[in-house]
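Below: one structure, written as structure tokens.
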Amino acid sequence: MENVEKIKFVFTVACFAAISFFVTTTYRRRRKQKFSANLCYLEKEQKPQNTFKRLLADNSYIPFKHFNRNETHEEMSSNSHPYEQEIRALLEKPPVEFAFVTGEFNLKMSGSHVWVETESQLKELVEVLRNERVFAVDTEQHSLRSFLGFTALVQISTQKEDYLVDTIALYDVMSILRPVFSNPSICKVFHGADNDVLWLQRDFHIYVVNLFDTAKACELLSKPHKSLAYLLETYCGVMTNKMLQREDWRMRPLSEEMVQYARVDAHYLLYIANRLATELKSQVTDINLSENSACLDDKFHFVLEASRRSNMVCLQLYVKEIEASPGDSAASSICSRHLNGQGFLSSCETKELVRQLCTWRDLMARVHDESLRYVLSDQAIVALASKVPKTSKEIFDTISEADINMDLLTAGSLVSSPSPIVCSHLEDFHYILQDKLGSPDEVFERTLQKCLGSNGSCPLSIYNYALLSKSNLKSTNGLLVKQKGSKTEKKVGRKSSRELFVQKFSCKSPVYHNCRIYASDGRLLCYCDRRKLEWYLRRDLAKLIDDDPLAIMLLFEPKGRPEDEGNDFYIQSKKNICVGCGEGNHYLRYRIIPSCYRMHFPEHLKSHRSHDIVLLCVDCHEVAHSAAEKYKKQIASEFGIPLYVRKVLDSTQKQAITETSGPMERIEEAGVSPLQLRTAAMALLRHGPRMPAKRREELTLVVMKYFGGREISEEDLERALLVGMSPHERRRLEKKRGLSFKHSKESLLSNETNGPSTGIIGTAALLETLETDVSNGAPSPKESEPNAEGDEILFKEMDACAREGSMYSGIEVDQETSTTGTEDQNFERVNACVLENVGFESVVTETGNSSLKYNPKLSLLGHGPHGKQVVDYLLKEYGEDGIRQFCQRWRQVFVEAINPRFLPAGWDVMHRL
């Protein structure tokens, strides 16, 4: 009995211990699961690129540094191509003719190939390639699970063997191939090498020298298609499945289908290049074969041109696209593409929410080395900004619903919605959506500190550790700036001012979308932006043939083709970087030929204006603009056509001078530059009492000269400020400065009532050097009796006229009151010319009366009629060739001022309109 009791006791204790152990284990497991939910998913997932030890292009905001051939200098400008001299030599003197294939080429690809995955095998491959005169190259890129992307495989083929180089296993030693690829005596055959050249630079500092691009040969031969699949089918009878291009090339080992696909892309390139070169040689015209043209360069012109275009691709330099504000361009693009026309976008809070989400996405993609589309799709950002979900479940559901119809979901198991990043960092969405963070900068700082700080949730790697340089995570010492004195304060102020200027005026989204337009026969016509492409699709003028990147085929025959221009500029993809220094952080459009001239060109000479519109950063834009303004003055002197209206003078003073002395030259001497007048008036109104006495006196004399030398008041300063100002500028200034200009109106009203009303324009008569003689006297004014009712009517008429487009307050031209006679006709001709210079043009109504209409394109500060007179002179003296030479002169000015190194291929100073 006692034993039974002991057994029961032991059993009870054991059961209690088992239950306690089970409860404790369950609690710990749940607690661990709850804690793990806050950990980054990278703790559990290993990616191939995490094994890389040396990285040339990380995910930070630091510009990319190219290979430095000069070992004595550690630093190297990112703008310099290390092999530019060799490439330029090939452009000037293309290599002599040689065959891409010797003997017979077996179109049946054997089942053997060489898989290169060790450093010793790579060195053996280099020794083989050094003995070749030509070899074919292709690359496979992976971009979905990487922010910048990386080269996952390189295929190299000689006529005897195919080599597949495992760049993941050999990533840190791939530079062993650099001497072979940069050897100008060995030709490298690519197809569509624009991206391959940049990827090799970015990942391995490998630079291609001496390139033959079969895609460029297709362009010269006007092939209906220039895809590699088309060439393989046409020349080799081989069909390929291009869907394999989107496979995960990080996979090891590769499947049989992927190995076959990779080999085909490089194996047949030498044979295809040989066939295309033969066709290029056959393009010799009868003129080339004549006795008078036996030059080798003439005979093989097409081959040399293909070589030239191919080696132009080699001059490209990889540039990291870095934004001043992370995610800013993506936010602008989302607003323009997805949200325009939707009611909720009218809220500024919604736009700010989109910016914050884009900032978070950009940083998360860099930290975790994932593509933007993998982290969070554009459609999901739009849905989150419009619905503003509050709970975790609502956030998950909103993102999932937005991604249902996305093409991204067709990529297979690589993509899940929401992404693991969203699941690991769900807390960030609560802060952003509940408006706990005030700006994208705060989103950046908080997210960065949370992820990569001392207690960060995300592991540091070679891809993200340099992100810490973007933001100072340490506390700033406010005393440091004060101790350094005013110089440092001014420097900080200038830097802040520049950043604000960049943020306000630089392009908010990419300028070049590089969408492609094909003719109905499959030939590439041009690259365009997304809006133009969508315009064709909406009107059923084209059909979509590719969506990555976007491409359409026109359903009608266009008026012209790129080959008609003799220039390949329009069939080149363009980068969103400054063409001068390669800055990708910010840029704005710059018109090489100033608008004041080009707007007056004949319509058929205005086509293809994109050739003369380039992207420049703020600094290069300033240099180019300064050079252009200097050259405008040179043109004005050369053609004898003044650049600006020279003098302005108050109308009442003008009348007094003409009555006493008569000649127009006397008035010209008394006037003052309109730009100088406005600058002086504005400075005195804003800072008059605080500026030094000497400077205040100088500016006061300028304004006094406009008013004939008499003493001036604050009312006079307000009147002088309006000189040369358009209606829009006047309203904007009135709103900004809070100036009512009531004194100007009252003064004008007084002048109109008591003084002449003869066609002298408003408060000022703008005087140009004229060939017309002016009489000594002024026409007799029409007498009018001042009265309160009449004054009010006149005031309303003047105000309405100002709103409709007059340049000055109270402008009025009374055609009925002008007397007849030679003197009056001469004076009216003077007024007509004056009006043309300040931006007015005469319009004849149906009744035959002439009226004045303000034309903003002929504004005072836009050089008035200078541009039109220069263009008219060129057309009259030299015809359209004069216009073309004029454009070439402006391009030369641009090149000499900027020395651009990143112009798109095909851009040429001698380009003909």
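Residues in the structure tokens are named by chain (A, B, ... in the order shown) and by number from 1 within that chain; ligands are numbered from 1 in the order shown.
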
- Task: Compile the contact shell of Asp403 in chain A as JSON, numbers by chain: residues with an atom at most 10 Å away, counting only C-alpha atoms, same-chain residues fewer than 5 positions apart removed.
- Result: {"A": [376, 377, 378, 379, 380, 383, 397, 398, 408, 409, 416, 417, 418]}

- Backbone DSSP call of helix (DSSP H, G or I) for range 148-363 of chain A, listed as a ChimeraX atom specification: /A:171-181,194-204,214-221,228-236,242-246,256-267,269-281,296-299,301-314,328-339,343-346,348-363

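When CA of Gly103 in chain A is paired with CA of Phe212 in chain A, their separation reads 20.0 Å.
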
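Closest approach to Glu323 in chain A among A:Val116, A:Cys15, A:Val128, A:Cys507 is made by A:Cys507 (distances from only C-alpha atoms).
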
- range 56-67 of chain A environment, 8 Å, only C-alpha atoms, sequence neighbours closer than 4 positions dropped, as a ChimeraX atom specification: /A:76-78,80-82,147-148,201-205,318-320,322-323,366-367,369,462-467,469-470

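What separates CA of Pro459 in chain A from CA of Tyr41 in chain A is a distance of 9.8 Å.
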
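Computed from the coordinates, the CA of His604 in chain A to CA of Ala905 in chain A distance equals 24.3 Å.
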
Determine, counting only C-alpha atoms, which protein, DNA and RNA residues have an atom within 9 Å of an atom of Glu140 in chain A; residues of the same chain fewer than 2 positions away are not included. Present the result as a PDB file with C-alpha atoms, in the first residue's frame.
ATOM      1  CA  ASP A 138      27.405  37.929 -73.685  1.00  0.00           C
ATOM      2  CA  HIS A 142      20.163  39.616 -62.195  1.00  0.00           C
ATOM      3  CA  PHE A 150      24.917  42.257 -60.647  1.00  0.00           C
ATOM      4  CA  THR A 151      26.345  40.127 -63.422  1.00  0.00           C
ATOM      5  CA  ALA A 152      25.510  36.496 -62.673  1.00  0.00           C
ATOM      6  CA  LEU A 153      27.116  34.844 -65.733  1.00  0.00           C
ATOM      7  CA  VAL A 154      29.495  35.751 -68.553  1.00  0.00           C
ATOM      8  CA  GLN A 155      29.496  33.686 -71.771  1.00  0.00           C
ATOM      9  CA  ASP A 196      26.848  44.867 -71.087  1.00  0.00           C
ATOM     10  CA  GLN A 245      16.270  35.649 -70.041  1.00  0.00           C
ATOM     11  CA  TRP A 249      20.540  33.298 -63.078  1.00  0.00           C
ATOM     12  CA  ALA A 262      23.434  30.907 -72.427  1.00  0.00           C
TER      13      ALA A 262
END
